[in-house]
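K.L.:
Here it is, the structure in full.
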Amino acid sequence: MLRMLQAVCAVSVALLALWAPSQVVAQKPPPATIRMVPIPIANYTPILVARDKGYFADENLTVTWAPVAQGAVAIEAVFGGSAEVGGSAVFEPMVARGNGFDLMYIAAGNQIRKEPPDNSALLVRADDNIQAPADLAGKKISAGLINSVNYVHMQEWLQKKGVERSKIEFLEIPFPQMADALFQKRIDAVWNVEPFVTFMMKSGKARLIAYPYQDNMPGMDISNYFAKESWIKANPDVARRFRRAMDRATEFIATAPKDERDDWVAKFTGMKLEVVKEVTLPVYSTAFNVSSLQYHLELAVRHKLLTKPFDVNAMIFKP
Amino acid sequence: MAEYLAIDRLSKQFSAHGRAACKDISFAVRRREFVALIGPSGCGKSTLLHIAAGLSAPTSGMVRLKGEPVTEPRPEMMYVFQQYTKSIFPWKTVLDNVCLGIKYRSRTPRAKLEEAARAQLKVVGLAAYADYYPYQLSGGMQQRVAIARALARRPEILLMDEPFSALDAMMRVELQDLLLWLWQDVGLTIVFVTHDLDEALYVAQRVVMLSASPGSVAEIIDVPLPYPRNQVETRREPVYLELRAHLYNSMVQQVIAGRAEVS
Amino acid sequence: MNGFVRWLETSRGSGVILIVLLLGFWQFSALYIMDTPTWPPVTRIFVAWYENIADGTIIKHLLATLWRQMLGYGLAVVLGISLGLAIGYYRIVYNLLEPLIEVFRPIPGPAYLPVLVLFVGIGHEMKVVLILVASFFPILLNTYGGVRSIDPVQFDTARTLGLTTLQTLREVVLPAASPQILTGMRISLAISLILAILSEMIVSNDGLGYFTLLAERTFKVPEMYAGIFTLALFGYVLNRLFLMGEARLIRWHQESSGRK
């Protein structure tokens, strides 16, 4: 009897010994490193949140990031292999994919607010007599880089408001320099982004005439996180963990009280807190607005950035 | 006019080296005379000629042409350089080179200029080469172009700085005879610098020999040989041979004296 | 083997054949070895190129680049040669300007871009000025060098021929210095194209540099290569034309110095 009990105990202990370590291992996934290339704007604040509140650590992910100036640069970095995840407006990765670059959206990011104000706006000089969109005919406008998301939406907006494209002269002026260009009369209207919109309005020399994104489609996805499809397919577990951590951070920022949110934004972007308090931030969302993505795609085809559409759903990572 | 070209106590010191090139040189050239200027190397004969042409200034003394001091190149004077490849402009045809001397002098139409130029080329025997470029010609021909160009300006006096030194022997004698013929035909006054004794004796009526550096006039001899001269006959004349021996010895003396002074 | 080596030595066409072979390798590798959108097959690039030619896009941009390049370059030639002649000829001008030139000479053309953007703006004028400033120095320095290396015998000859300063400049100085001046002009031709393209990539709405950059930004990779190819062709044609003109002007120099 005693011998049988001992045998059972020995076997149980052996089984336990075999089983327990695997349980312990299953608690913590293998470590992984992710390099990110976001644009250093308020939209990507969740990255900092995910690191500092330990969401990445919880998934055993080490995440580092280096800022880039434009979405196109982020795409090149990810595609070329010097980063795993990039941050960009939704538009550029879409155009890239249509041209043969295998990119996917790995996590949702930001949407345009459904009602004014927005975090970008069309501004003119306060003392100019441009009131309605039709007044823009024959003027010089800048909407960021040509063929960027702003530019294409500007075309769309002008079309919707009945202004002929050929009547407008487009100049490429970087967002920080738009204020000077407008006030020095080198240009007549600018589609600028925060925090410059707030600066320009506070100077008293600028007047706001529209929120073009909201006029086109309120609540549309505007920016998010992308990665190479081949990387996601090769590292599905890491991708899932990244998505989880990112969603937690985005959710946190979306629901945090304004003061706390402003604090995080100031820390991530390096803007002064007093400035952050006044600017309009975009909406932080963990869900994709697929119909808005289809809308973006449609615009890309309509404005000849792509020759034919593809299935947007194939581009969204589903963990 | 007795003194057509007068060199009056001419001295030249190059302040760069502090060395005097020539010192206190005086002699005169008569109208239509052919004078040769010789001396050991470094005696300053080329420097002297350069100053006489008005191309550089003396440190002291002066040069007078027809009584007037020479301070810059005069239209009656023409200079023929030793380095003909540089002096004849390689970017111009032979004809254009010759025309250059007379192009800006008067408002003569192009056709007349070319006519005059071609005439000069004919005189020196290069009529067929008017449209050639200098690099296509031999050294002797190029120097003939220089002479044609000089003559096109109808000068009274020709200053020649070792014009035939860079040519081979056959071309040299050819050009010596051509020069003599031109001298008589045009009625030029010629001052001819050379380092070659034989050449000096062959062409000139008088030979001025300079001493070693700093050069001053060592002696002036007459060359009583008749014209026209002949490369073979004249050089066989006893007078010629005597003068040659004399000049040679004199030259050797100059050289030795020069070397002694330096050491 | 010997026959092949012999052919390589004498054939002018071997270089062209090499280029064709390399293109063939590119085509093959793009189709069968490396399948990535950044390395499209040559045929696809050619199609993109042809489409952009047919609808006039490339021509339009090419003309924009050509116009601003030639304007800047032309001004550089006129200013560079005039100033170079003055510096080479007049000691006073040399003494006054030489230190200034030595200060500006080592500054690379692109470094002027930010300053010019501030002062002249981002338009057409800024690019022309940038091209002018960068193309100016090689011409100036080579003109100056050419004048300085003129043999004194030639100046003396001009004086004995009774030429005035202006006549001497025209008949002697300019032709004598022209081989070196033309060398400077050829260097500047390349520089002017480089800066035209560079300025277009940074601040512009048109031009071949802009076209190429835009294609890259919108991920139209075959178009991007087509833009680069057009640039190469354009630069090649410009250089050839220049060499032809140069040969005409200084045939006397090339033939006499044995370089044809």
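Here, A, B, ... name the chains of the structure tokens in the order displayed, residue numbers run from 1 inside each chain, and ligands are numbered from 1 in the same displayed order.
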Fewer than 4 positions away in the same chain doesn't count, so skip those; otherwise give me all residues within 12 Å of range 106-113 of chain B, counting only C-alpha atoms, as a list in words.
P.N.:
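Using only C-alpha atoms, the neighbours found are Leu95, Asp96, Asn97, Val98, Cys99, Leu100, Gly101, Ile102, Ala117, Arg118, Ala119, Gln120, Arg149, Ala152 and Arg153 of chain B; Gly162 of chain C.
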K.L.:
Can you list every residue of chain B that has an atom at most 7 Å from chain C, with its nearest atom pair and the distance in Å to one decimal, using only C-alpha atoms, ordered by chain then number, as CSV?
P.N.:
residue,atom,partner,partner_atom,distance
B:Leu55,CA,C:Asp156,CA,6.8
B:Pro73,CA,C:Thr160,CA,5.5
B:Pro75,CA,C:Gly162,CA,7.0
B:Met78,CA,C:Thr160,CA,6.3
B:Tyr79,CA,C:Thr160,CA,6.5
B:Lys86,CA,C:Gln154,CA,6.2
B:Ser87,CA,C:Gln154,CA,5.5
B:Pro90,CA,C:Trp252,CA,6.5
B:Trp91,CA,C:Trp252,CA,5.7
B:Gly101,CA,C:Leu161,CA,5.2
B:Tyr135,CA,C:Ser256,CA,5.8
K.L.:
Can you pull out the residues contacting Tyr55 in chain A? Cut-off 8 Å, using only C-alpha atoms, and skip same-chain residues under 2 positions away; I want them as a compact mmCIF listing (two decimals) with C-alpha atoms, in the first residue's frame.
P.N.:
# COMPACT_ATOMS: atom_id res chain seq x y z
CA VAL A 49 1.97 55.72 -23.09
CA ALA A 50 2.48 52.07 -24.02
CA ARG A 51 6.11 52.22 -23.03
CA ASP A 52 5.88 54.27 -19.85
CA LYS A 53 2.82 52.56 -18.46
CA ALA A 57 6.71 45.35 -21.09
CA ASP A 58 3.64 43.32 -20.20
CA GLU A 59 3.87 41.75 -23.63
CA ALA A 245 -0.38 46.85 -26.15
CA MET A 246 -1.07 49.59 -28.68
CA ARG A 248 -4.54 49.49 -24.52
CA ALA A 249 -2.52 52.70 -24.84
K.L.:
Given only C-alpha atoms as the basis, pick out the residue of C:Pro108, C:Gly72, C:Gly56, C:Pro37 nearest to chain A.
P.N.:
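Comparing C:Pro108, C:Gly72, C:Gly56, C:Pro37 against chain A, the winner is C:Pro37.
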K.L.:
Which residues in range 137-234 of chain C does DSSP call helix (DSSP H, G or I)? List them as a PyMOL selection string.
P.N.:
chain C and resi 137-148+152-160+165-202+208-217+221-234
K.L.:
Smallest atom-to-atom distance to Leu83 in chain C: which of C:Leu141, C:Ile17, C:Val42, C:Val115, using only C-alpha atoms?
P.N.:
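The shortest atom-to-atom distance to Leu83 in chain C comes from C:Leu141.
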K.L.:
Taking only C-alpha atoms into account and nothing else, which residues of chain C lie no more than 12 Å away from chain A? Please answer as a PDB file with C-alpha atoms, in the first residue's frame.
P.N.:
ATOM      1  CA  ASP C  35      10.674  40.181 -56.848  1.00  0.00           C
ATOM      2  CA  THR C  36      10.275  43.498 -55.113  1.00  0.00           C
ATOM      3  CA  PRO C  37       8.500  46.653 -56.191  1.00  0.00           C
ATOM      4  CA  THR C  38      11.692  48.671 -55.770  1.00  0.00           C
ATOM      5  CA  TRP C  39      13.454  46.766 -58.573  1.00  0.00           C
ATOM      6  CA  PRO C  40      11.085  46.762 -61.543  1.00  0.00           C
ATOM      7  CA  VAL C 117      15.256  80.563 -49.685  1.00  0.00           C
ATOM      8  CA  LEU C 118      15.198  83.207 -46.966  1.00  0.00           C
ATOM      9  CA  VAL C 120      14.781  85.177 -52.609  1.00  0.00           C
ATOM     10  CA  GLY C 121      11.913  82.865 -51.690  1.00  0.00           C
ATOM     11  CA  ILE C 122      11.114  79.463 -53.108  1.00  0.00           C
ATOM     12  CA  GLY C 123      10.236  80.371 -56.621  1.00  0.00           C
ATOM     13  CA  GLU C 200      13.741  71.030 -57.725  1.00  0.00           C
ATOM     14  CA  MET C 201      13.798  68.165 -55.283  1.00  0.00           C
ATOM     15  CA  ILE C 202      13.672  70.527 -52.366  1.00  0.00           C
ATOM     16  CA  VAL C 203      11.342  73.332 -53.345  1.00  0.00           C
ATOM     17  CA  SER C 204       9.547  73.115 -56.630  1.00  0.00           C
ATOM     18  CA  ASN C 205       6.421  72.384 -58.590  1.00  0.00           C
ATOM     19  CA  ASP C 206       8.047  71.300 -61.799  1.00  0.00           C
ATOM     20  CA  TYR C 210      10.575  67.224 -58.964  1.00  0.00           C
ATOM     21  CA  PHE C 211       9.045  64.601 -61.251  1.00  0.00           C
ATOM     22  CA  LEU C 213      10.962  62.846 -56.377  1.00  0.00           C
ATOM     23  CA  LEU C 214       7.189  62.910 -56.714  1.00  0.00           C
ATOM     24  CA  ALA C 215       7.228  59.449 -58.262  1.00  0.00           C
ATOM     25  CA  GLU C 216       9.276  58.207 -55.323  1.00  0.00           C
ATOM     26  CA  ARG C 217       6.935  59.795 -52.817  1.00  0.00           C
ATOM     27  CA  THR C 218       3.867  58.288 -54.409  1.00  0.00           C
ATOM     28  CA  PHE C 219       5.559  54.922 -54.803  1.00  0.00           C
ATOM     29  CA  LYS C 220       5.394  54.882 -58.558  1.00  0.00           C
ATOM     30  CA  VAL C 221       8.744  53.203 -58.780  1.00  0.00           C
ATOM     31  CA  PRO C 222       8.940  52.605 -62.545  1.00  0.00           C
ATOM     32  CA  GLU C 223       8.211  56.299 -63.043  1.00  0.00           C
TER      33      GLU C 223
END
K.L.:
Between CA of Lys127 in chain C and CA of Tyr236 in chain C, measure the distance and give it in Å to one decimal.
P.N.:
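Spanning CA of Lys127 in chain C to CA of Tyr236 in chain C is a straight-line distance of 21.9 Å.
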K.L.:
Using only C-alpha atoms, which of B:Thr59, B:Gln176, B:Pro238, B:Ser46 sits nearest Gly18 in chain B?
P.N.:
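Among the listed residues, the smallest separation from Gly18 in chain B belongs to B:Thr59.
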K.L.:
I want to know what sits within 6 Å of Phe34 in chain B, based on only C-alpha atoms, with residues of the same chain fewer than 5 positions away left out; could you give that as a PyMOL selection string?
P.N.:
chain B and resi 189-190+204-205
K.L.:
Could you check how far CA of Ala6 in chain B sits from CA of Tyr202 in chain B, in Å to one decimal?
P.N.:
23.5 Å
K.L.:
With only C-alpha atoms as the basis for distance, which of C:Ile53, C:Ala226, C:Val20, C:Leu195 is at the shortest distance from Thr65 in chain C?
P.N.:
C:Leu195
K.L.:
Work out how far apart CA of Arg248 in chain C and CA of Thr168 in chain C are and give it in Å to one decimal.
P.N.:
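Going from CA of Arg248 in chain C over to CA of Thr168 in chain C covers 22.2 Å.
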K.L.:
Can you list, as a VMD selection string, every protein, DNA or RNA residue that comes within 8 Å of range 120-124 of chain A when you count only C-alpha atoms, leaving out same-chain residues fewer than 5 positions away?
P.N.:
chain A and resid 130 182 188 to 194 197 206 to 212
K.L.:
Among range 37-100 of chain B, which residues does DSSP mark as strand (DSSP E or B) when it is run on the backbone? Keep the chain and numbering as in the structure and answer as a PyMOL selection string.
P.N.:
chain B and resi 37-38+60-65+68-69+77-80
K.L.:
Produce a file of the selected residues containing N, CA and C atoms, as a PDB file, in the first residue's frame.
P.N.:
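Here's the written file out-v8.pdb:
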ATOM      1  N   LEU B  37      73.844  92.572 -83.469  1.00  0.00           N
ATOM      2  CA  LEU B  37      74.215  92.757 -82.062  1.00  0.00           C
ATOM      3  C   LEU B  37      74.539  91.377 -81.503  1.00  0.00           C
ATOM      4  N   ILE B  38      75.812  91.193 -81.102  1.00  0.00           N
ATOM      5  CA  ILE B  38      76.163  89.872 -80.567  1.00  0.00           C
ATOM      6  C   ILE B  38      76.822  90.015 -79.211  1.00  0.00           C
ATOM      7  N   SER B  60      68.237 103.509 -66.523  1.00  0.00           N
ATOM      8  CA  SER B  60      68.746 104.857 -66.800  1.00  0.00           C
ATOM      9  C   SER B  60      69.165 104.905 -68.254  1.00  0.00           C
ATOM     10  N   GLY B  61      69.305 106.087 -68.750  1.00  0.00           N
ATOM     11  CA  GLY B  61      69.639 106.263 -70.167  1.00  0.00           C
ATOM     12  C   GLY B  61      68.376 106.256 -70.994  1.00  0.00           C
ATOM     13  N   MET B  62      68.502 106.398 -72.300  1.00  0.00           N
ATOM     14  CA  MET B  62      67.295 106.353 -73.114  1.00  0.00           C
ATOM     15  C   MET B  62      67.568 105.897 -74.525  1.00  0.00           C
ATOM     16  N   VAL B  63      66.482 105.603 -75.213  1.00  0.00           N
ATOM     17  CA  VAL B  63      66.539 105.225 -76.618  1.00  0.00           C
ATOM     18  C   VAL B  63      65.822 106.310 -77.399  1.00  0.00           C
ATOM     19  N   ARG B  64      66.442 106.724 -78.488  1.00  0.00           N
ATOM     20  CA  ARG B  64      65.772 107.764 -79.292  1.00  0.00           C
ATOM     21  C   ARG B  64      65.601 107.283 -80.716  1.00  0.00           C
ATOM     22  N   LEU B  65      64.414 107.460 -81.234  1.00  0.00           N
ATOM     23  CA  LEU B  65      64.161 107.158 -82.632  1.00  0.00           C
ATOM     24  C   LEU B  65      63.887 108.459 -83.343  1.00  0.00           C
ATOM     25  N   GLU B  68      63.292 111.410 -81.113  1.00  0.00           N
ATOM     26  CA  GLU B  68      62.277 111.369 -80.060  1.00  0.00           C
ATOM     27  C   GLU B  68      62.514 110.173 -79.153  1.00  0.00           C
ATOM     28  N   PRO B  69      62.398 110.354 -77.840  1.00  0.00           N
ATOM     29  CA  PRO B  69      62.602 109.197 -76.949  1.00  0.00           C
ATOM     30  C   PRO B  69      61.524 108.128 -77.183  1.00  0.00           C
ATOM     31  N   MET B  77      58.254 101.127 -85.938  1.00  0.00           N
ATOM     32  CA  MET B  77      59.104 100.000 -85.539  1.00  0.00           C
ATOM     33  C   MET B  77      58.314  98.717 -85.575  1.00  0.00           C
ATOM     34  N   MET B  78      58.956  97.625 -85.972  1.00  0.00           N
ATOM     35  CA  MET B  78      58.318  96.326 -85.788  1.00  0.00           C
ATOM     36  C   MET B  78      59.314  95.375 -85.161  1.00  0.00           C
ATOM     37  N   TYR B  79      58.780  94.447 -84.419  1.00  0.00           N
ATOM     38  CA  TYR B  79      59.602  93.524 -83.635  1.00  0.00           C
ATOM     39  C   TYR B  79      59.344  92.107 -84.123  1.00  0.00           C
ATOM     40  N   VAL B  80      60.391  91.346 -84.284  1.00  0.00           N
ATOM     41  CA  VAL B  80      60.204  89.927 -84.612  1.00  0.00           C
ATOM     42  C   VAL B  80      60.774  89.097 -83.475  1.00  0.00           C
TER      43      VAL B  80
END
